[in-house]
file query24.cif (mmCIF, C-alpha atoms)
data_entry
loop_
_atom_site.label_atom_id
_atom_site.label_comp_id
_atom_site.auth_asym_id
_atom_site.auth_seq_id
_atom_site.Cartn_x
_atom_site.Cartn_y
_atom_site.Cartn_z
CA MET A 1 48.64 30.35 -34.68
CA ALA A 2 49.41 30.18 -38.40
CA ALA A 3 46.68 31.00 -40.92
CA PRO A 4 45.38 28.01 -42.90
CA PRO A 5 46.86 27.63 -46.38
CA VAL A 6 44.87 28.91 -49.37
CA GLY A 7 43.73 25.37 -50.38
CA MET A 8 42.29 24.79 -46.93
CA LYS A 9 40.55 28.16 -46.98
CA ARG A 10 38.84 27.23 -50.22
CA PHE A 11 37.89 23.82 -48.80
CA TYR A 12 36.31 25.36 -45.70
CA ALA A 13 34.44 27.81 -47.92
CA ILE A 14 32.98 24.92 -49.98
CA LEU A 15 32.17 23.06 -46.76
CA GLY A 16 30.36 26.16 -45.50
CA VAL A 17 28.31 26.41 -48.71
CA VAL A 18 27.30 22.73 -48.47
CA ALA A 19 26.35 23.19 -44.79
CA VAL A 20 24.26 26.30 -45.51
CA LEU A 21 22.53 24.56 -48.44
CA GLY A 22 21.81 21.44 -46.38
CA ILE A 23 20.50 23.34 -43.39
CA GLY A 24 18.46 25.58 -45.67
CA LEU A 25 16.82 22.63 -47.47
CA LEU A 26 16.04 20.84 -44.20
CA GLY A 27 14.65 24.06 -42.74
CA TYR A 28 12.46 24.51 -45.80
CA GLN A 29 11.12 20.95 -45.45
CA LEU A 30 10.41 21.51 -41.76
CA SER A 31 8.59 24.78 -42.42
CA LYS A 32 6.26 23.27 -45.06
CA PRO A 33 2.78 22.44 -43.77
CA ALA A 34 2.96 18.73 -43.05
CA THR A 35 0.97 16.42 -45.27
CA VAL A 36 -0.71 13.80 -43.13
CA SER A 37 0.99 10.43 -42.88
CA ILE A 38 -0.15 7.59 -40.69
CA PRO A 39 2.64 5.81 -38.82
CA ALA A 40 2.86 2.05 -38.49
CA ASN A 41 5.09 2.03 -35.43
CA VAL A 42 2.40 3.15 -33.00
CA THR A 43 1.86 1.80 -29.53
CA ILE A 44 -1.62 0.30 -29.43
CA GLN A 45 -3.62 1.65 -26.51
CA PRO A 46 -6.57 -0.25 -24.99
CA SER A 47 -8.79 2.63 -26.13
CA ASP A 48 -7.82 1.94 -29.77
CA THR A 49 -9.62 -1.39 -29.76
CA ALA A 50 -12.21 -0.94 -27.00
CA GLY A 51 -15.57 -1.95 -28.43
CA PHE A 52 -14.19 -2.04 -31.97
CA ARG A 53 -14.02 -5.32 -33.88
CA GLY A 54 -14.10 -4.06 -37.45
CA TYR A 55 -16.61 -2.28 -39.65
CA VAL A 56 -19.79 -4.29 -39.85
CA LYS A 57 -22.46 -4.47 -42.51
CA GLY A 58 -25.54 -6.69 -42.17
CA SER A 59 -27.93 -8.00 -39.57
CA ASP A 60 -26.80 -8.97 -36.07
CA SER A 61 -28.95 -12.08 -36.40
CA ALA A 62 -27.46 -13.22 -39.72
CA PRO A 63 -26.47 -16.91 -39.41
CA VAL A 64 -23.08 -16.48 -41.11
CA GLU A 65 -20.38 -13.92 -40.53
CA ILE A 66 -17.43 -13.34 -42.84
CA THR A 67 -14.47 -11.24 -41.77
CA GLU A 68 -12.49 -9.73 -44.61
CA TYR A 69 -8.87 -8.67 -44.09
CA ALA A 70 -8.08 -6.23 -46.87
CA ASP A 71 -5.77 -3.48 -48.01
CA TYR A 72 -7.09 -0.43 -49.86
CA GLN A 73 -4.13 -0.35 -52.23
CA CYS A 74 -4.28 -4.07 -53.10
CA PRO A 75 -5.58 -4.53 -56.68
CA PHE A 76 -7.39 -7.82 -55.88
CA CYS A 77 -9.16 -6.18 -52.93
CA GLN A 78 -10.21 -3.36 -55.26
CA THR A 79 -11.63 -5.78 -57.82
CA PHE A 80 -13.44 -7.70 -55.10
CA ALA A 81 -14.88 -4.55 -53.51
CA THR A 82 -16.08 -2.97 -56.72
CA LEU A 83 -17.19 -6.01 -58.76
CA GLN A 84 -18.21 -8.72 -56.29
CA MET A 85 -19.39 -6.89 -53.17
CA PRO A 86 -22.44 -5.23 -54.75
CA THR A 87 -23.79 -8.68 -55.73
CA ILE A 88 -22.91 -10.16 -52.32
CA GLU A 89 -24.70 -7.30 -50.67
CA GLU A 90 -27.87 -7.72 -52.72
CA ARG A 91 -27.90 -11.50 -52.61
CA LEU A 92 -26.73 -12.25 -49.07
CA ILE A 93 -26.29 -9.25 -46.80
CA LYS A 94 -29.56 -7.40 -47.42
CA PRO A 95 -31.71 -10.56 -47.08
CA GLY A 96 -30.10 -11.09 -43.64
CA ARG A 97 -28.20 -14.27 -44.48
CA LEU A 98 -24.72 -12.83 -44.09
CA ARG A 99 -22.97 -10.28 -41.87
CA TRP A 100 -19.79 -8.76 -43.30
CA ARG A 101 -16.96 -7.53 -41.09
CA TYR A 102 -14.16 -5.50 -42.68
CA ARG A 103 -10.74 -5.31 -41.03
CA ASP A 104 -7.75 -3.29 -42.14
CA PHE A 105 -4.67 -5.25 -43.12
CA PRO A 106 -2.36 -2.62 -44.67
CA LEU A 107 0.54 -4.31 -46.44
CA GLN A 108 3.94 -2.74 -46.03
CA GLN A 109 4.66 -2.50 -49.74
CA HIS A 110 1.69 -0.19 -50.24
CA PRO A 111 2.62 3.30 -49.06
CA TYR A 112 -0.89 4.74 -49.02
CA SER A 113 -2.79 1.82 -47.48
CA ARG A 114 -2.67 3.18 -43.96
CA LEU A 115 -3.57 6.66 -45.09
CA ALA A 116 -6.57 5.24 -46.98
CA ALA A 117 -7.61 3.12 -44.00
CA HIS A 118 -7.29 6.15 -41.73
CA SER A 119 -9.31 8.26 -44.10
CA ALA A 120 -12.10 5.65 -43.99
CA ALA A 121 -11.84 5.48 -40.18
CA CYS A 122 -12.28 9.26 -39.98
CA ALA A 123 -15.35 8.92 -42.20
CA ASP A 124 -16.67 6.25 -39.81
CA GLU A 125 -16.52 8.87 -37.05
CA GLN A 126 -19.17 10.75 -39.03
CA GLY A 127 -21.20 7.63 -39.80
CA LYS A 128 -20.00 7.40 -43.41
CA PHE A 129 -17.52 4.57 -43.38
CA TRP A 130 -19.10 2.47 -46.14
CA PRO A 131 -19.61 5.29 -48.68
CA MET A 132 -16.02 6.43 -48.10
CA HIS A 133 -14.76 2.85 -48.22
CA GLU A 134 -16.42 2.33 -51.60
CA ARG A 135 -15.19 5.68 -52.93
CA ILE A 136 -11.59 4.92 -51.95
CA TYR A 137 -11.69 1.55 -53.68
CA GLU A 138 -13.35 2.99 -56.79
CA GLY A 139 -10.63 5.63 -57.05
CA GLN A 140 -7.68 3.32 -56.41
CA SER A 141 -6.09 3.84 -59.83
CA GLU A 142 -6.29 7.60 -59.31
CA TRP A 143 -4.63 7.86 -55.88
CA ALA A 144 -2.29 4.83 -55.83
CA SER A 145 0.20 6.53 -58.14
CA ALA A 146 -0.43 10.11 -56.98
CA SER A 147 2.23 12.16 -55.22
CA ASP A 148 -0.27 13.35 -52.60
CA ALA A 149 -2.96 10.73 -52.05
CA GLY A 150 -4.08 12.58 -48.91
CA ALA A 151 -5.40 15.46 -51.00
CA ILE A 152 -7.40 13.01 -53.13
CA PHE A 153 -8.89 11.30 -50.05
CA ARG A 154 -9.86 14.73 -48.75
CA ARG A 155 -11.66 15.37 -52.01
CA TYR A 156 -13.48 12.03 -51.63
CA ALA A 157 -14.39 13.06 -48.06
CA GLY A 158 -15.97 16.21 -49.45
CA GLU A 159 -17.77 14.22 -52.16
CA THR A 160 -19.07 11.81 -49.53
CA GLY A 161 -20.54 14.68 -47.56
CA LEU A 162 -18.22 14.68 -44.58
CA ASP A 163 -17.64 17.74 -42.41
CA LEU A 164 -14.14 18.58 -43.72
CA GLY A 165 -13.14 20.49 -40.59
CA ARG A 166 -13.73 17.43 -38.45
CA TYR A 167 -12.17 15.18 -41.08
CA ASP A 168 -8.99 17.31 -41.22
CA GLY A 169 -8.70 17.32 -37.44
CA CYS A 170 -9.11 13.53 -37.33
CA MET A 171 -6.52 12.97 -40.06
CA LYS A 172 -3.93 15.36 -38.63
CA ALA A 173 -4.24 13.78 -35.19
CA GLY A 174 -3.71 10.29 -36.66
CA LYS A 175 -6.49 9.33 -34.28
CA TYR A 176 -7.00 5.81 -35.61
CA ALA A 177 -3.40 4.78 -36.33
CA GLY A 178 -3.49 2.44 -33.34
CA ARG A 179 -6.79 0.90 -34.39
CA ILE A 180 -5.44 0.18 -37.88
CA GLN A 181 -2.28 -1.36 -36.48
CA ALA A 182 -4.39 -3.45 -34.07
CA GLY A 183 -6.39 -4.80 -37.04
CA TYR A 184 -3.17 -5.66 -38.82
CA GLU A 185 -1.69 -7.42 -35.80
CA GLU A 186 -4.91 -9.35 -35.22
CA GLY A 187 -4.74 -10.56 -38.82
CA VAL A 188 -1.12 -11.63 -38.40
CA ARG A 189 -2.04 -13.58 -35.26
CA ALA A 190 -4.88 -15.27 -37.17
CA GLY A 191 -2.43 -16.31 -39.91
CA VAL A 192 -3.27 -13.75 -42.60
CA THR A 193 -0.38 -13.26 -45.00
CA SER A 194 -2.02 -11.73 -48.06
CA THR A 195 -5.07 -9.76 -49.09
CA PRO A 196 -7.90 -10.21 -49.49
CA THR A 197 -8.26 -12.98 -46.91
CA LEU A 198 -11.64 -14.07 -45.63
CA MET A 199 -12.18 -15.68 -42.27
CA VAL A 200 -15.28 -17.79 -41.79
CA GLY A 201 -15.79 -19.63 -38.52
CA GLY A 202 -12.12 -19.34 -37.66
CA ARG A 203 -11.00 -20.75 -41.00
CA LEU A 204 -9.02 -18.64 -43.47
CA TYR A 205 -9.74 -18.46 -47.19
CA GLN A 206 -7.02 -16.81 -49.23
CA GLY A 207 -7.04 -16.06 -52.93
CA ARG A 208 -9.53 -14.65 -55.40
CA PHE A 209 -13.24 -14.97 -54.74
CA ASP A 210 -16.37 -14.15 -56.63
CA SER A 211 -19.93 -13.64 -55.47
CA ASP A 212 -20.94 -17.16 -56.60
CA ALA A 213 -18.24 -18.77 -54.48
CA ILE A 214 -19.32 -16.70 -51.46
CA THR A 215 -22.95 -17.66 -52.08
CA ARG A 216 -22.05 -21.36 -52.23
CA LEU A 217 -20.07 -20.98 -49.01
CA VAL A 218 -22.96 -19.29 -47.21
CA ASP A 219 -25.39 -21.90 -48.59
CA SER A 220 -23.21 -24.69 -47.23
CA LEU A 221 -23.02 -23.09 -43.78
CA ALA A 222 -26.63 -21.95 -43.50
CA PRO A 223 -28.93 -23.64 -46.01
CA ARG A 224 -31.78 -21.51 -47.29
CA THR A 225 -35.18 -22.10 -45.71
CA ALA A 226 -37.69 -24.06 -47.79
CA GLY A 227 -39.40 -21.95 -50.40
CA ALA A 228 -36.68 -19.33 -50.47
CA LYS A 229 -35.02 -18.76 -53.80
CA MET B 1 44.85 16.04 -48.65
CA ILE B 2 42.38 16.30 -51.48
CA TYR B 3 40.99 12.83 -50.70
CA ARG B 4 40.45 13.66 -47.04
CA MET B 5 38.70 16.88 -48.12
CA GLY B 6 36.49 14.88 -50.47
CA ALA B 7 35.65 12.40 -47.71
CA ALA B 8 34.66 15.27 -45.39
CA LEU B 9 32.42 16.85 -48.04
CA MET B 10 30.73 13.57 -48.92
CA SER B 11 30.21 12.73 -45.22
CA LEU B 12 28.56 16.09 -44.64
CA THR B 13 26.25 15.47 -47.63
CA GLY B 14 25.38 12.02 -46.24
CA LEU B 15 24.67 13.61 -42.87
CA PHE B 16 22.01 15.84 -44.45
CA VAL B 17 20.45 12.92 -46.39
CA SER B 18 20.19 10.85 -43.19
CA ALA B 19 18.85 13.82 -41.23
CA TYR B 20 16.15 14.29 -43.86
CA LEU B 21 15.08 10.63 -43.58
CA TYR B 22 15.19 10.77 -39.78
CA LEU B 23 13.05 13.92 -39.66
CA TYR B 24 10.52 12.11 -41.83
CA LYS B 25 10.64 9.07 -39.58
CA ILE B 26 9.91 11.06 -36.43
CA GLY B 27 7.02 12.81 -38.17
CA ARG B 28 8.57 16.26 -38.62
CA ILE B 29 8.34 16.04 -42.42
CA GLY B 30 5.01 14.94 -43.90
CA THR B 31 6.02 13.22 -47.13
CA LEU B 32 9.33 12.28 -48.68
CA ALA B 33 10.29 13.75 -52.05
CA CYS B 34 10.54 10.34 -53.62
CA GLY B 35 8.11 10.15 -56.52
CA SER B 36 7.36 6.44 -56.41
CA GLY B 37 6.15 5.97 -52.82
CA ALA B 38 8.83 3.31 -52.38
CA CYS B 39 10.70 5.50 -49.88
CA GLU B 40 7.70 5.53 -47.56
CA ALA B 41 7.29 1.77 -47.95
CA VAL B 42 10.92 1.32 -46.87
CA GLN B 43 10.84 3.94 -44.13
CA THR B 44 7.66 2.60 -42.56
CA SER B 45 8.63 -1.08 -42.78
CA GLN B 46 9.67 -3.09 -39.74
CA TRP B 47 13.24 -3.06 -41.09
CA SER B 48 13.50 0.69 -40.70
CA ARG B 49 14.71 -0.06 -37.17
CA PHE B 50 17.88 -1.95 -36.35
CA ALA B 51 18.42 -3.29 -32.83
CA GLY B 52 15.65 -0.97 -31.63
CA VAL B 53 17.20 2.15 -33.18
CA GLU B 54 15.91 3.98 -36.25
CA VAL B 55 18.16 3.16 -39.20
CA ALA B 56 18.03 6.81 -40.27
CA LEU B 57 19.37 7.85 -36.84
CA ILE B 58 22.19 5.31 -37.19
CA GLY B 59 22.94 7.04 -40.50
CA VAL B 60 23.00 10.48 -38.86
CA MET B 61 25.41 9.27 -36.17
CA GLY B 62 27.56 7.34 -38.63
CA TYR B 63 27.97 10.23 -41.06
CA ALA B 64 28.59 12.67 -38.18
CA LEU B 65 31.39 10.40 -36.98
CA LEU B 66 32.85 10.08 -40.49
CA PHE B 67 32.69 13.86 -40.91
CA ALA B 68 34.40 14.47 -37.57
CA VAL B 69 37.19 11.99 -38.33
CA ALA B 70 37.69 13.42 -41.85
CA LEU B 71 37.98 16.94 -40.39
CA LEU B 72 40.38 15.67 -37.75
CA ALA B 73 42.48 14.03 -40.47
CA LEU B 74 42.81 17.43 -42.15
CA GLN B 75 44.31 19.18 -39.13
CA PRO B 76 47.91 20.33 -39.84
CA ALA B 77 49.32 18.18 -37.04
CA LEU B 78 47.69 15.04 -38.48
CA ALA B 79 47.68 15.78 -42.20
CA ALA B 80 50.84 13.78 -42.78
CA ARG B 81 49.87 10.93 -40.45
CA ARG B 82 48.43 7.70 -41.70
CA TRP B 83 46.32 6.54 -38.75
CA PRO B 84 43.50 9.07 -39.31
CA ALA B 85 43.13 7.71 -42.87
CA ASP B 86 43.15 4.16 -41.46
CA LEU B 87 40.43 5.08 -38.96
CA LEU B 88 38.37 6.75 -41.70
CA THR B 89 38.75 3.65 -43.90
CA GLY B 90 37.64 1.31 -41.10
CA LEU B 91 34.57 3.39 -40.27
CA ALA B 92 33.59 3.80 -43.94
CA ALA B 93 33.99 0.04 -44.48
CA LEU B 94 31.58 -0.58 -41.59
CA GLY B 95 29.17 1.89 -43.19
CA VAL B 96 29.40 0.14 -46.56
CA ALA B 97 28.79 -3.27 -44.94
CA PHE B 98 25.70 -1.97 -43.12
CA THR B 99 24.47 -0.30 -46.31
CA ALA B 100 24.92 -3.56 -48.24
CA TYR B 101 22.73 -5.32 -45.66
CA LEU B 102 20.04 -2.61 -45.96
CA THR B 103 20.14 -2.74 -49.77
CA TRP B 104 19.72 -6.51 -49.63
CA LEU B 105 16.63 -6.00 -47.43
CA GLU B 106 15.22 -3.50 -49.91
CA LEU B 107 15.77 -5.76 -52.90
CA PHE B 108 14.79 -9.15 -51.53
CA VAL B 109 12.63 -8.61 -48.45
CA ILE B 110 10.79 -5.29 -48.73
CA HIS B 111 10.76 -5.30 -52.56
CA ALA B 112 10.98 -1.50 -52.73
CA ILE B 113 13.91 0.75 -53.53
CA CYS B 114 14.13 4.09 -51.77
CA ARG B 115 16.00 6.64 -53.91
CA TRP B 116 17.36 8.42 -50.86
CA CYS B 117 18.79 5.12 -49.60
CA VAL B 118 20.44 4.57 -52.99
CA GLY B 119 21.88 8.10 -52.70
CA SER B 120 23.21 7.34 -49.24
CA ALA B 121 24.71 4.07 -50.48
CA ALA B 122 26.55 5.93 -53.26
CA ILE B 123 27.82 8.49 -50.73
CA VAL B 124 29.16 5.96 -48.23
CA VAL B 125 30.87 3.98 -51.01
CA SER B 126 32.50 7.20 -52.26
CA VAL B 127 33.70 7.97 -48.71
CA LEU B 128 35.30 4.52 -48.55
CA VAL B 129 37.01 4.96 -51.93
CA LEU B 130 38.31 8.42 -50.93
CA ALA B 131 39.50 7.07 -47.56
CA LEU B 132 41.37 4.25 -49.30
CA LEU B 133 43.01 6.74 -51.66
CA ALA B 134 43.92 8.98 -48.69
CA ARG B 135 45.41 5.97 -46.92
CA ARG B 136 47.49 5.06 -49.98
CA GLY B 137 48.84 8.59 -50.21
CA ALA B 138 49.82 8.74 -46.53
CA PRO B 139 53.32 7.65 -45.46
CA GLU B 140 53.74 4.23 -43.84
CA PRO B 141 54.06 4.28 -40.06
CA ARG B 142 57.71 4.50 -39.01
CA ALA B 143 59.24 1.64 -37.11
CA ALA B 144 59.95 2.45 -33.43
#
call {"tool": "encode", "arguments": {"input": "query24.cif", "output": "structure tokens"}}
result
Amino acid sequence: MAAPPVGMKRFYAILGVVAVLGIGLLGYQLSKPATVSIPANVTIQPSDTAGFRGYVKGSDSAPVEITEYADYQCPFCQTFATLQMPTIEERLIKPGRLRWRYRDFPLQQHPYSRLAAHSAACADEQGKFWPMHERIYEGQSEWASASDAGAIFRRYAGETGLDLGRYDGCMKAGKYAGRIQAGYEEGVRAGVTSTPTLMVGGRLYQGRFDSDAITRLVDSLAPRTAGAK
Amino acid sequence: MIYRMGAALMSLTGLFVSAYLYLYKIGRIGTLACGSGACEAVQTSQWSRFAGVEVALIGVMGYALLFAVALLALQPALAARRWPADLLTGLAALGVAFTAYLTWLELFVIHAICRWCVGSAAIVVSVLVLALLARRGAPEPRAA
């Protein structure tokens, strides 16, 4: 068998260098400790949704229930959560007139929505969903453009007083990926196409809301008792 | 010969780019070196699968095939033949068509541009150009 010509030898040498570089870079990526990411293409198991119908705030006997479909990385959801929800809580939820149900609806164009939703779900495991939920929304401008939002959520978890060992285990296992996807699919079935979307008595309200509009809506559905302000 | 060599080198580079995206997709790599987050938006969208198969895996198989054909076309017995360049051109054209469809999805449906996908698009177009040049340089098939 004849030896390859000099040009071919040089070509195979370059090919070898490219192969070694490529394999080396892939090997380096594989050896790095994996940053948590929450997949969307999960198979939803019955256990993901068993007994879970969203995160609820307010009295079981409240006459009106509003379900909010929201995305942690959506700017309108952030504005609503940080500016309107405190008033809604004081005016309607605490007096027992309204029960609020929060459901995850992570939009595909937001890369960290699922990670944020999962971080909040892991906080829920330790009974701290709402503090974590509020912290994530408050910090949206910090983590939305970060290269490693997971590290920022972990910091929030620490600030919120979570057991970080349990939190890390929950995040790495992607324990609630199916639950998040189930919330998303439920929203799609209900006709949700954008966030935030509110569902009241089976009817969808899409767009921007303020606490006054929500108060008027609750008033129309369950008028205040005589003498109440 | 130089064009066939170039096509082989570019195909091998594309193979590594696709493998990187596929390893991310199957969860072996935590985050993509992307900077904007758009890569993850694209890779986790419903369009990251085509006919039930991961698009990144289609890329791995496609570039592996292009690489194999380019290497075959360099073998001394085939170096002067035109049909390996024709085969390379046909496969690269299919790759460019599929890439055009994916780029359209990124621009008009997903509204996010993944830099790695742009890199892969540039690679597959360069393979097609090199294959066309290799085809032009090869002698016409002789009449029987």
call {"tool": "resolve_selection", "arguments": {"input": "query24.cif", "expression": "the PyMOL selection byres ((chain A and resi 128-135) around 12)", "output": "ChimeraX atom specification"}}
result
/A:54-58,70-73,77-83,85-86,100-104,116-127,136-143,152-163,167
call {"tool": "closest_residue", "arguments": {"input": "query24.cif", "among": "B:Phe108, B:Tyr22, B:Phe16, B:Tyr101", "to": "chain A", "atoms": "all atoms listed in the file"}}
result
B:Phe16
call {"tool": "closest_residue", "arguments": {"input": "query24.cif", "among": "A:Thr49, A:Gln108, A:Ser194, A:Thr87", "to": "chain B", "atoms": "all atoms listed in the file"}}
result
A:Gln108
call {"tool": "atom_distance", "arguments": {"input": "query24.cif", "atom1": "atom CA of Gly90 of chain B", "atom2": "atom CA of Val60 of chain B"}}
result
17.4 Å
call {"tool": "closest_residue", "arguments": {"input": "query24.cif", "among": "A:Pro63, A:Pro46, A:Gly7, A:Gly16", "to": "Leu74 of chain B", "atoms": "only C-alpha atoms"}}
result
A:Gly7
call {"tool": "residues_around", "arguments": {"input": "query24.cif", "residues": "segment 43-58 of chain B", "least_positions_apart": "3", "cutoff": "7 Å", "atoms": "all atoms listed in the file", "output": "mmCIF file with C-alpha atoms, in the coordinates of the input"}}
result
data_model
loop_
_atom_site.group_PDB
_atom_site.id
_atom_site.type_symbol
_atom_site.label_atom_id
_atom_site.label_comp_id
_atom_site.auth_asym_id
_atom_site.auth_seq_id
_atom_site.Cartn_x
_atom_site.Cartn_y
_atom_site.Cartn_z
ATOM 1 C CA ALA A 40 2.860 2.050 -38.490
ATOM 2 C CA GLN A 108 3.940 -2.740 -46.030
ATOM 3 C CA SER B 18 20.190 10.850 -43.190
ATOM 4 C CA LEU B 21 15.080 10.630 -43.580
ATOM 5 C CA TYR B 22 15.190 10.770 -39.780
ATOM 6 C CA LYS B 25 10.640 9.070 -39.580
ATOM 7 C CA CYS B 39 10.700 5.500 -49.880
ATOM 8 C CA GLU B 40 7.700 5.530 -47.560
ATOM 9 C CA MET B 61 25.410 9.270 -36.170
ATOM 10 C CA GLY B 62 27.560 7.340 -38.630
#
call {"tool": "closest_residue", "arguments": {"input": "query24.cif", "among": "A:Ala173, A:Leu164, A:Leu217, A:Leu98", "to": "chain B", "atoms": "all atoms listed in the file"}}
result
A:Ala173
call {"tool": "closest_residue", "arguments": {"input": "query24.cif", "among": "A:Pro223, A:Gly24, A:Pro111, A:Gly174", "to": "chain B", "atoms": "only C-alpha atoms"}}
result
A:Pro111
call {"tool": "residues_near_point", "arguments": {"input": "query24.cif", "point": "(33.0, 5.4, -42.4)", "cutoff": "10 Å", "atoms": "all atoms listed in the file", "output": "MDAnalysis selection string"}}
result
chainID B and resid 7 11 62:67 69:70 87:97 124:125 127:128 131
call {"tool": "closest_residue", "arguments": {"input": "query24.cif", "among": "B:Ala100, B:Ala122, B:Ala138, B:Ile110", "to": "chain A", "atoms": "all atoms listed in the file"}}
result
B:Ile110
call {"tool": "atom_distance", "arguments": {"input": "query24.cif", "atom1": "atom CA of Val218 of chain A", "atom2": "atom CA of Tyr69 of chain A"}}
result
17.9 Å
call {"tool": "atom_distance", "arguments": {"input": "query24.cif", "atom1": "atom CA of Thr215 of chain A", "atom2": "atom CA of Arg91 of chain A"}}
result
7.9 Å
call {"tool": "resolve_selection", "arguments": {"input": "query24.cif", "expression": "the PyMOL selection byres ((chain B and resi 82) around 9)", "output": "list in words"}}
result
Ala73, Leu78, Ala79, Ala80, Arg81, Trp83, Pro84, Ala85, Asp86, Leu87, Ala134, Arg135, Arg136, Gly137, Ala138, Pro139, Glu140 and Pro141 of chain B
call {"tool": "residues_around", "arguments": {"input": "query24.cif", "residues": "Ala112 of chain B", "least_positions_apart": "2", "cutoff": "7 Å", "atoms": "all atoms listed in the file", "output": "list of chain:residue names"}}
result
B:Ala38, B:Ala41, B:Val42, B:Glu106, B:Leu107, B:Ile110, B:Cys114
call {"tool": "residues_around", "arguments": {"input": "query24.cif", "residues": "Gly6 of chain B", "least_positions_apart": "4", "cutoff": "7 Å", "atoms": "only C-alpha atoms", "output": "list in words"}}
result
Ile2, Met10 and Leu130 of chain B
call {"tool": "resolve_selection", "arguments": {"input": "query24.cif", "expression": "the PyMOL selection byres ((chain B and resi 116) around 10)", "output": "JSON, numbers by chain"}}
result
{"B": [14, 17, 18, 20, 21, 32, 33, 34, 39, 113, 114, 115, 117, 118, 119, 120, 121, 122]}
call {"tool": "residues_around", "arguments": {"input": "query24.cif", "residues": "Gln181 of chain A", "least_positions_apart": "3", "cutoff": "8 Å", "atoms": "all atoms listed in the file", "output": "short mmCIF file (atom, residue, chain, number, x, y, z; two decimals) with C-alpha atoms, keeping the file's coordinate frame"}}
result
data_model
loop_
_atom_site.label_atom_id
_atom_site.label_comp_id
_atom_site.auth_asym_id
_atom_site.auth_seq_id
_atom_site.Cartn_x
_atom_site.Cartn_y
_atom_site.Cartn_z
CA ALA A 40 2.86 2.05 -38.49
CA VAL A 42 2.40 3.15 -33.00
CA ILE A 44 -1.62 0.30 -29.43
CA ALA A 177 -3.40 4.78 -36.33
CA GLY A 178 -3.49 2.44 -33.34
CA TYR A 184 -3.17 -5.66 -38.82
CA GLU A 185 -1.69 -7.42 -35.80
#
call {"tool": "decode", "arguments": {"input": "query24.cif", "residues": "segment 61-83 of chain A", "atoms": "C-alpha atoms", "output": "compact mmCIF listing (two decimals), in the first residue's frame"}}
result
# COMPACT_ATOMS: atom_id res chain seq x y z
CA SER A 61 -64.41 30.18 52.58
CA ALA A 62 -63.68 33.29 50.50
CA PRO A 63 -66.61 33.86 48.10
CA VAL A 64 -64.41 34.61 45.07
CA GLU A 65 -61.42 32.76 43.73
CA ILE A 66 -59.02 34.14 41.12
CA THR A 67 -56.50 31.91 39.40
CA GLU A 68 -53.48 33.71 38.02
CA TYR A 69 -51.42 32.15 35.21
CA ALA A 70 -48.06 33.88 35.30
CA ASP A 71 -44.44 33.66 34.26
CA TYR A 72 -41.65 34.78 36.59
CA GLN A 73 -39.67 36.35 33.76
CA CYS A 74 -42.62 38.28 32.29
CA PRO A 75 -42.25 42.03 33.01
CA PHE A 76 -46.03 42.61 33.35
CA CYS A 77 -46.29 39.75 35.85
CA GLN A 78 -43.43 41.32 37.80
CA THR A 79 -45.14 44.72 37.89
CA PHE A 80 -48.41 43.11 38.94
CA ALA A 81 -46.78 41.02 41.67
CA THR A 82 -44.73 43.81 43.17
CA LEU A 83 -47.05 46.83 42.77
